[in-house]
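Raw contents of query-v5.cif, mmCIF, C-alpha atoms:
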```
data_structure
#
loop_
_atom_site.label_atom_id
_atom_site.label_comp_id
_atom_site.auth_asym_id
_atom_site.auth_seq_id
_atom_site.Cartn_x
_atom_site.Cartn_y
_atom_site.Cartn_z
CA MET A 550 -9.85 18.76 -27.54
CA SER A 551 -8.07 16.33 -25.25
CA VAL A 552 -7.77 17.70 -21.72
CA LEU A 553 -4.85 16.99 -19.42
CA ARG A 554 -7.01 15.79 -16.53
CA GLN A 555 -10.67 14.82 -16.58
CA HIS A 556 -13.00 15.49 -13.65
CA ALA A 557 -13.52 12.38 -11.55
CA GLU A 558 -17.14 11.96 -12.65
CA ILE A 559 -16.02 11.89 -16.28
CA GLN A 560 -12.86 9.82 -15.89
CA PHE A 561 -14.67 7.15 -13.87
CA ALA A 562 -18.08 7.49 -15.52
CA GLN A 563 -18.31 3.77 -16.29
CA GLU A 564 -17.67 2.78 -12.68
CA LEU A 565 -20.23 5.28 -11.41
CA ASP A 566 -22.76 4.02 -13.94
CA GLU A 567 -22.21 0.37 -12.95
CA LEU A 568 -22.60 1.29 -9.30
CA ARG A 569 -25.85 3.14 -10.04
CA LYS A 570 -27.25 0.09 -11.86
CA SER A 571 -26.45 -2.32 -9.05
CA ASP A 572 -27.16 0.03 -6.13
CA THR A 573 -30.40 -0.99 -4.42
CA ARG A 574 -29.72 0.61 -1.03
CA GLN A 575 -31.39 3.72 0.31
CA ARG A 576 -30.07 7.00 -1.07
CA PRO A 577 -30.27 10.31 0.80
CA ALA A 578 -32.18 13.05 -0.98
CA ASN A 579 -30.54 14.16 -4.24
CA TRP A 580 -27.66 11.68 -3.92
CA VAL A 581 -26.56 9.84 -7.06
CA LEU A 582 -25.48 6.77 -5.05
CA SER A 583 -26.22 5.31 -1.65
CA PRO A 584 -23.63 5.79 1.12
CA TRP A 585 -22.58 2.14 0.70
CA ALA A 586 -22.01 2.64 -3.03
CA VAL A 587 -20.07 5.87 -2.43
CA ALA A 588 -17.73 4.03 -0.05
CA THR A 589 -17.36 1.18 -2.57
CA TYR A 590 -16.50 3.71 -5.30
CA LEU A 591 -13.70 5.18 -3.18
CA LEU A 592 -12.35 1.94 -1.69
CA GLY A 593 -12.94 -0.40 -4.62
CA GLY A 594 -14.67 -3.76 -4.71
CA LYS A 595 -16.40 -6.37 -6.82
CA LEU A 596 -20.07 -5.85 -7.66
CA GLU A 597 -22.65 -8.63 -7.84
CA ASN A 598 -22.47 -8.63 -11.65
CA GLY A 599 -18.71 -9.22 -11.48
CA PHE A 600 -17.69 -5.65 -12.37
CA GLU A 601 -14.52 -4.52 -10.60
CA VAL A 602 -14.50 -1.02 -9.09
CA THR A 603 -10.96 0.29 -8.75
CA PRO A 604 -9.87 1.78 -5.42
CA LYS A 605 -9.43 5.56 -5.43
CA TYR A 606 -8.18 5.66 -1.81
CA ILE A 607 -5.97 3.07 -0.16
CA GLY A 608 -6.26 3.31 3.61
CA SER A 609 -8.68 2.94 6.48
CA ARG A 610 -12.16 1.89 5.40
CA ARG A 611 -13.62 3.29 8.60
CA LEU A 612 -12.34 6.80 7.85
CA ILE A 613 -14.10 6.79 4.48
CA GLU A 614 -17.29 5.44 6.03
CA ILE A 615 -17.22 8.24 8.63
CA ALA A 616 -16.68 10.85 5.90
CA VAL A 617 -19.57 9.52 3.80
CA ALA A 618 -21.89 9.21 6.80
CA THR A 619 -21.12 12.83 7.73
CA LEU A 620 -22.24 14.04 4.31
CA ALA A 621 -25.56 12.26 4.84
CA THR A 622 -26.19 14.47 7.91
CA ASP A 623 -26.51 18.25 8.23
CA ARG A 624 -22.87 18.64 9.27
CA ALA A 625 -20.14 19.68 6.85
CA LEU A 626 -17.00 17.58 6.39
CA LEU A 627 -13.44 18.80 7.04
CA LEU A 628 -10.64 16.61 5.69
CA TYR A 629 -7.59 17.46 7.76
CA GLY A 630 -3.96 16.35 7.81
CA VAL A 631 -0.44 16.91 6.58
CA PRO A 632 0.13 17.80 2.91
CA GLY A 633 0.09 14.91 0.49
CA THR A 634 -2.41 12.67 2.29
CA ALA A 635 -4.95 12.72 -0.57
CA LYS A 636 -7.34 15.24 1.00
CA SER A 637 -8.15 16.96 -2.30
CA TRP A 638 -8.31 13.63 -4.12
CA VAL A 639 -10.79 12.19 -1.60
CA SER A 640 -12.80 15.43 -1.64
CA GLU A 641 -13.18 15.34 -5.42
CA HIS A 642 -14.18 11.68 -5.54
CA LEU A 643 -16.66 12.07 -2.69
CA ALA A 644 -18.35 14.94 -4.53
CA ALA A 645 -18.37 12.98 -7.79
CA ALA A 646 -19.96 9.92 -6.17
CA VAL A 647 -22.45 11.78 -3.97
CA ALA A 648 -23.59 14.53 -6.34
CA GLY A 649 -22.30 13.42 -9.74
CA ASP A 650 -20.48 16.75 -10.00
CA SER A 651 -17.19 17.73 -8.38
CA THR A 652 -16.86 21.15 -10.04
CA ARG A 653 -18.51 23.37 -7.40
CA LEU A 654 -15.06 24.35 -6.14
CA LEU A 655 -13.56 27.29 -4.27
CA GLN A 656 -9.77 27.48 -3.94
CA GLY A 657 -8.87 29.10 -0.65
CA THR A 658 -6.07 31.68 -0.67
CA ALA A 659 -4.99 34.69 1.39
CA GLY A 660 -6.84 36.81 -1.18
CA THR A 661 -10.17 34.97 -1.00
CA SER A 662 -12.99 37.43 -0.30
CA GLU A 663 -16.51 37.10 1.05
CA ASP A 664 -17.86 37.71 -2.47
CA GLN A 665 -16.15 34.56 -3.72
CA ILE A 666 -17.95 32.53 -1.07
CA ARG A 667 -21.32 34.30 -1.32
CA TYR A 668 -21.90 36.05 -4.67
CA SER A 669 -20.70 38.99 -6.73
CA TRP A 670 -22.23 41.31 -9.33
CA ASN A 671 -22.12 41.85 -13.07
CA TYR A 672 -21.32 45.55 -12.81
CA ALA A 673 -22.51 46.43 -16.32
CA LEU A 674 -25.97 45.05 -15.52
CA LEU A 675 -25.84 46.48 -12.02
CA LEU A 676 -25.27 50.00 -13.38
CA SER A 677 -27.89 49.71 -16.13
CA LYS A 678 -30.64 47.90 -14.22
CA GLY A 679 -29.75 48.23 -10.58
CA PRO A 680 -29.62 45.32 -8.11
CA SER A 681 -31.46 42.35 -9.58
CA ARG A 682 -31.17 38.61 -9.68
CA GLU A 683 -30.13 38.94 -13.31
CA ALA A 684 -27.12 41.07 -12.30
CA LEU A 685 -26.09 38.72 -9.52
CA VAL A 686 -23.18 36.32 -10.23
CA ALA A 687 -23.62 33.17 -8.18
CA SER A 688 -20.57 31.66 -6.47
CA PRO A 689 -19.88 27.88 -6.57
CA MET A 690 -21.27 27.78 -3.02
CA MET A 691 -24.53 29.46 -4.05
CA ARG A 692 -24.94 27.19 -7.08
CA ALA A 693 -24.38 24.11 -4.93
CA MET A 694 -27.03 25.33 -2.48
CA GLU A 695 -29.57 25.96 -5.24
CA GLU A 696 -28.89 22.60 -6.90
CA GLY A 697 -28.60 20.48 -3.75
CA ARG A 698 -25.05 19.43 -4.54
CA ILE A 699 -21.67 19.31 -2.82
CA ALA A 700 -19.55 22.48 -2.60
CA ARG A 701 -15.82 21.95 -2.14
CA ILE A 702 -13.42 24.35 -0.43
CA GLU A 703 -9.71 23.71 -0.89
CA GLU A 704 -7.27 24.96 1.76
CA LEU A 705 -9.87 26.41 4.11
CA THR A 706 -7.23 27.59 6.59
CA ARG A 707 -5.56 29.75 3.95
CA ILE A 708 -8.66 31.94 3.81
CA PRO A 709 -8.53 34.93 6.20
CA SER A 710 -10.35 34.21 9.47
CA ASP A 711 -12.98 36.94 9.06
CA VAL A 712 -13.82 35.60 5.58
CA GLN A 713 -13.97 32.01 6.87
CA ASP A 714 -16.76 33.02 9.21
CA THR A 715 -18.95 33.85 6.21
CA LEU A 716 -19.58 30.11 6.15
CA ILE A 717 -21.19 30.00 9.59
CA THR A 718 -24.64 31.08 8.41
CA VAL A 719 -24.44 28.80 5.39
CA LEU A 720 -23.52 25.78 7.48
CA SER A 721 -25.82 26.39 10.43
CA GLU A 722 -28.91 27.95 8.79
CA LYS A 723 -28.48 26.32 5.35
CA MET A 724 -29.27 29.74 3.96
CA LEU A 725 -27.41 32.52 2.17
CA PRO A 726 -28.90 36.01 2.65
CA ILE A 727 -28.94 38.51 -0.25
CA PRO A 728 -29.65 41.79 1.58
CA GLU A 729 -29.37 43.89 -1.61
CA LEU A 730 -32.43 42.09 -2.97
CA ASN A 731 -34.13 41.60 0.39
CA SER A 732 -34.11 37.86 -0.30
CA GLU A 733 -32.14 34.70 0.37
CA VAL A 734 -31.09 31.38 -1.13
CA GLN A 735 -32.17 28.35 0.85
CA ALA A 736 -30.17 25.17 0.37
CA ALA A 737 -31.93 22.35 -1.48
CA ARG A 738 -31.78 18.91 0.07
CA GLY A 739 -28.52 17.16 -0.76
CA PHE A 740 -26.41 20.28 -0.25
CA ASN A 741 -23.30 19.98 1.88
CA VAL A 742 -19.72 21.22 2.06
CA ILE A 743 -16.41 19.36 1.95
CA ALA A 744 -13.40 21.43 3.03
CA THR A 745 -9.73 20.50 3.19
CA ALA A 746 -7.03 21.94 5.43
CA ASN A 747 -3.51 20.97 6.39
CA ASN A 748 -1.63 21.33 9.65
CA ARG A 749 1.95 21.48 8.37
CA ASP A 750 2.03 24.64 6.31
CA LYS A 751 3.00 28.26 6.72
CA GLY A 752 0.52 31.08 6.35
CA VAL A 753 -2.52 29.24 7.69
CA ASN A 754 -5.32 30.84 9.71
CA GLU A 755 -6.85 29.09 12.69
CA LEU A 756 -10.54 28.25 12.39
CA SER A 757 -12.84 29.94 14.88
CA SER A 758 -14.47 27.68 17.45
CA ALA A 759 -17.87 28.58 15.99
CA LEU A 760 -16.80 27.37 12.55
CA LYS A 761 -15.11 24.24 13.90
CA ARG A 762 -18.40 23.21 15.49
CA ARG A 763 -20.08 23.21 12.08
CA PHE A 764 -17.64 20.62 10.72
CA ASN A 765 -17.08 16.99 11.46
CA THR A 766 -13.31 16.59 11.14
CA VAL A 767 -11.77 13.48 9.60
CA ILE A 768 -7.97 13.31 9.81
CA LEU A 769 -6.39 11.57 6.84
CA PRO A 770 -3.09 10.03 7.98
CA LEU A 771 0.06 9.13 6.11
CA PRO A 772 0.10 5.48 4.97
CA ASN A 773 0.56 3.12 7.92
CA SER A 774 3.08 0.79 6.33
CA GLU A 775 5.71 0.85 3.62
CA ASP A 776 3.78 -1.76 1.63
CA GLU A 777 0.64 0.38 1.69
CA GLU A 778 2.55 3.46 0.55
CA VAL A 779 4.29 1.49 -2.21
CA GLN A 780 0.88 0.27 -3.42
CA ILE A 781 -0.46 3.85 -3.54
CA VAL A 782 2.60 5.16 -5.39
CA GLN A 783 2.58 2.29 -7.91
CA LYS A 784 -1.10 2.82 -8.69
CA ARG A 785 -0.90 6.59 -9.17
CA VAL A 786 2.35 6.43 -11.16
CA ALA A 787 0.75 3.96 -13.57
CA GLU A 788 -2.38 6.11 -13.94
CA LEU A 789 -0.44 9.33 -14.48
CA GLY A 790 2.00 7.63 -16.86
CA ARG A 791 -0.92 6.59 -19.08
CA ALA A 792 -2.63 9.97 -18.83
CA LEU A 793 0.57 11.87 -19.72
CA GLU A 794 1.57 9.29 -22.35
CA LEU A 795 5.10 9.11 -20.99
CA PRO A 796 7.32 7.10 -23.39
CA ALA A 797 8.81 4.98 -20.62
CA GLU A 798 8.26 1.56 -19.13
CA PRO A 799 6.43 1.40 -15.75
CA PRO A 800 9.06 1.49 -13.00
CA ALA A 801 10.24 -1.72 -11.39
CA LEU A 802 8.85 -2.43 -7.93
CA LYS A 803 12.31 -2.12 -6.39
CA GLU A 804 12.66 1.46 -7.67
CA VAL A 805 9.28 2.47 -6.24
CA ARG A 806 10.12 0.80 -2.93
CA ARG A 807 13.49 2.55 -2.80
CA VAL A 808 11.95 6.03 -3.17
CA VAL A 809 9.24 5.25 -0.62
CA GLN A 810 11.82 3.91 1.86
CA ILE A 811 13.94 7.05 1.54
CA PHE A 812 10.92 9.27 2.15
CA ARG A 813 9.72 7.24 5.14
CA GLU A 814 13.17 7.16 6.75
CA LEU A 815 13.70 10.90 6.36
CA ARG A 816 10.17 11.62 7.63
CA SER A 817 10.57 9.46 10.72
CA GLY A 818 14.22 10.29 11.44
CA LEU A 819 15.10 6.59 11.65
CA THR A 820 16.19 3.95 9.15
CA ALA A 821 13.88 1.03 8.38
CA ASP A 822 15.94 -1.40 10.47
CA GLY A 823 15.74 0.95 13.46
CA LYS A 824 19.53 1.08 13.85
CA THR A 825 20.44 4.53 12.55
CA LYS A 826 18.99 7.91 13.43
CA VAL A 827 18.87 10.47 10.63
CA LYS A 828 17.93 14.12 10.48
CA SER A 829 14.61 15.13 8.92
CA PRO A 830 14.40 17.88 6.28
CA THR A 831 12.04 20.85 6.45
CA GLY A 832 9.69 19.49 3.75
CA THR A 833 6.86 17.03 4.29
CA LEU A 834 8.11 14.31 1.88
CA SER A 835 4.55 13.20 1.27
CA THR A 836 3.30 10.27 -0.77
CA ALA A 837 2.25 12.75 -3.47
CA GLU A 838 5.87 13.96 -3.72
CA ALA A 839 7.11 10.39 -4.06
CA ILE A 840 4.74 9.95 -6.99
CA SER A 841 6.11 13.16 -8.55
CA VAL A 842 9.71 12.00 -8.13
CA ILE A 843 9.04 8.78 -10.00
CA ASN A 844 6.96 10.45 -12.72
CA ASN A 845 9.73 13.00 -13.27
CA GLY A 846 12.21 10.13 -13.54
CA MET A 847 10.00 8.34 -16.06
CA SER A 848 9.82 11.52 -18.15
CA LEU A 849 13.62 11.79 -18.15
CA ALA A 850 14.01 8.11 -18.99
CA GLY A 851 11.46 8.27 -21.79
CA HIS A 852 12.53 11.51 -23.45
CA PHE A 853 16.29 11.54 -22.78
CA GLY A 854 17.15 7.93 -21.96
CA ASP A 855 16.39 4.38 -23.02
CA GLY A 856 12.89 4.27 -21.55
CA GLN A 857 13.96 2.35 -18.45
CA LEU A 858 13.85 4.24 -15.14
CA SER A 859 17.32 4.35 -13.61
CA ALA A 860 18.96 5.78 -10.50
CA THR A 861 20.29 8.67 -12.59
CA ASP A 862 16.76 9.54 -13.68
CA MET A 863 15.50 9.55 -10.09
CA ALA A 864 18.38 11.48 -8.54
CA SER A 865 17.29 14.96 -9.60
CA GLY A 866 13.73 14.38 -8.43
CA LEU A 867 14.94 13.15 -5.05
CA LEU A 868 17.21 16.15 -4.64
CA GLY A 869 14.40 18.56 -5.51
CA ALA A 870 11.94 16.85 -3.15
CA VAL A 871 14.28 16.69 -0.15
CA VAL A 872 16.26 19.92 -0.45
CA LYS A 873 13.76 22.75 -0.07
CA ASP A 874 16.14 24.86 2.04
CA PRO A 875 19.54 24.85 0.28
CA VAL A 876 21.48 25.19 3.53
CA GLN A 877 19.59 23.22 6.17
CA ASP A 878 18.17 20.51 3.92
CA GLY A 879 21.42 20.26 1.96
CA VAL A 880 23.21 19.16 5.13
CA VAL A 881 20.46 16.65 5.94
CA TRP A 882 20.59 15.13 2.45
CA ARG A 883 24.38 14.85 2.32
CA GLU A 884 24.49 13.17 5.73
CA TYR A 885 21.80 10.72 4.68
CA LEU A 886 23.69 9.90 1.48
CA GLU A 887 26.95 9.23 3.33
CA THR A 888 25.60 7.39 6.36
CA VAL A 889 22.70 5.42 4.86
CA VAL A 890 22.63 5.26 1.05
CA LYS A 891 26.37 4.70 0.67
CA GLU A 892 26.35 1.77 3.10
CA ARG A 893 23.71 -0.21 1.19
CA ASP A 894 25.39 -2.36 -1.44
CA GLU A 895 22.26 -2.57 -3.61
CA TRP A 896 22.00 1.24 -3.59
CA LYS A 897 25.48 2.04 -4.94
CA ASP A 898 24.06 3.23 -8.26
CA LEU A 899 21.72 5.66 -6.50
CA TYR A 900 24.52 6.92 -4.24
CA ARG A 901 26.78 7.68 -7.22
CA ALA A 902 23.97 9.38 -9.16
CA CYS A 903 22.95 11.59 -6.21
CA ARG A 904 26.55 12.42 -5.28
CA ASP A 905 27.42 13.40 -8.87
CA LEU A 906 24.30 15.60 -9.10
CA ALA A 907 25.00 17.30 -5.77
#
```

Can you present the structure in this file as structure tokens?
Amino acid sequence: MSVLRQHAEIQFAQELDELRKSDTRQRPANWVLSPWAVATYLLGGKLENGFEVTPKYIGSRRLIEIAVATLATDRALLLYGVPGTAKSWVSEHLAAAVAGDSTRLLQGTAGTSEDQIRYSWNYALLLSKGPSREALVASPMMRAMEEGRIARIEELTRIPSDVQDTLITVLSEKMLPIPELNSEVQAARGFNVIATANNRDKGVNELSSALKRRFNTVILPLPNSEDEEVQIVQKRVAELGRALELPAEPPALKEVRRVVQIFRELRSGLTADGKTKVKSPTGTLSTAEAISVINNGMSLAGHFGDGQLSATDMASGLLGAVVKDPVQDGVVWREYLETVVKERDEWKDLYRACRDLA
């Protein structure tokens, strides 16, 4: 059966294998690759045998080096920043390169319980045999500890604060007590935790100071320049287009640049030339959303058009990305259309498409 999205360690198995073959540097206990090779896997590069490793993250090399170095210590890693800055993407690829397995994952929600972090029970076995290791159902965290692998926690700040603190013993003592069995699970060497959290969302719970001290925090920023963001969007759009088998041609550079410019101007509240101030909508308008806008346009162009991405194909995606609040964001979008998009001669097609849709 063909799956929609492969785990990183499967999708990029050839790259990981080539890195393993050429990696002669020291590896921490139970690591698949050395820290240098992990950074090369994420940032891309050419190996001594001529093999090209594709970049998974386009941005500051130093940030990735800090993240990798943290995982080689006894401190956990917290990837922090606004939505859409590739925190989950980086987390998955770090786990794939360090441990060869990115699947020890816990998705944080308001309903996450201590049992999901620690362990739960098979109640049929519990009733028939009483508390036993056989009846215990290990969580992803427990399995990672036993195997010496990386456990991943998505959206740590969405987990209730009292449940978050379950992690303190795990991170400080590298041990998970099982009082029902009068025993414990001690973490094997190689175990660590990568958590992600964002600072621009509703319904988040502040981390306790005790828990913050157990993490080394790396803030992943939005792309520094328009060119860098365009490069990221182009790369991911091409990858997703192939994976989804969209029957459309890859978008022209000018179309990608146009979407990125709109997002950057609305995020910053200022046009690219610095001459016009604009209002910012309530949404984040992240790089990930720009990728979605273009992919949605490619789907429209491929299935209901001539296969060439046009302004009409992009208009609905732009409207959906910008206008999250129909009243407040609707005003922001209409003002931007009339004061910025309309005045750019090369954007007349986009102005007409967006105006007609609105």

Return as a ChimeraX atom specification the set of residues that the PyMOL selection byres ((chain A and resi 776-784) around 12) yields on the displayed structure. /A:603-609,633-635,770-775,785-791,799-813,835-844

Taking only residues of segment 585-690 of chain A that have an atom at most 10 Å from an atom of segment 705-720 of chain A, what is each one's shortest atom pair and its distance in Å to one decimal, using only C-alpha atoms, in chain and number order, as a Markdown table?
```
| residue | atom | partner | partner_atom | distance |
| --- | --- | --- | --- | --- |
| A:Asp623 | CA | A:Leu720 | CA | 8.1 |
| A:Arg624 | CA | A:Leu720 | CA | 7.4 |
| A:Ala625 | CA | A:Leu720 | CA | 7.0 |
| A:Leu627 | CA | A:Leu705 | CA | 8.9 |
| A:Leu628 | CA | A:Leu705 | CA | 10.0 |
| A:Tyr629 | CA | A:Leu705 | CA | 9.9 |
| A:Leu655 | CA | A:Leu705 | CA | 9.2 |
| A:Gln656 | CA | A:Leu705 | CA | 8.1 |
| A:Gly657 | CA | A:Ile708 | CA | 5.3 |
| A:Thr658 | CA | A:Arg707 | CA | 5.0 |
| A:Ala659 | CA | A:Ile708 | CA | 5.2 |
| A:Gly660 | CA | A:Ile708 | CA | 7.2 |
| A:Thr661 | CA | A:Ile708 | CA | 5.9 |
| A:Ser662 | CA | A:Val712 | CA | 6.2 |
| A:Glu663 | CA | A:Val712 | CA | 5.5 |
| A:Asp664 | CA | A:Val712 | CA | 9.3 |
| A:Gln665 | CA | A:Val712 | CA | 9.6 |
| A:Ile666 | CA | A:Thr715 | CA | 7.5 |
| A:Arg667 | CA | A:Thr715 | CA | 7.9 |
| A:Met690 | CA | A:Val719 | CA | 9.0 |
```

Which value, in Å to one decimal, gives the distance between atom CA of Met694 of chain A and atom CA of Ala744 of chain A?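 So the two atoms, atom CA of Met694 of chain A and atom CA of Ala744 of chain A, lie 15.2 Å apart.
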
What gap, in Å, lies between atom CA of Ala588 of chain A and atom CA of Leu834 of chain A? 27.9 Å

Hey, which of A:Ala645, A:Val742, A:Leu815, A:Leu675 ends up closest to Val872 of chain A? Count all atoms listed in the file.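 Nearest to Val872 of chain A: A:Leu815.
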
Would you write out, as a PyMOL selection string, every residue that the PyMOL selection byres ((chain A and resi 903) around 9) captures in this file? chain A and resi 860-861+863-865+867-868+886+898-902+904-907

Point-to-point distance in Å for atom CA of Ala648 of chain A and atom CA of Gly697 of chain A: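 Atom CA of Ala648 of chain A lies at a distance of 8.2 Å from atom CA of Gly697 of chain A.
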
Run the PyMOL selection byres ((chain A and resi 642) around 10) against the file shown and list the residues it catches, as an MDAnalysis selection string. chainID A and resid 556:558 561 587 590:591 605:606 637:641 643:651
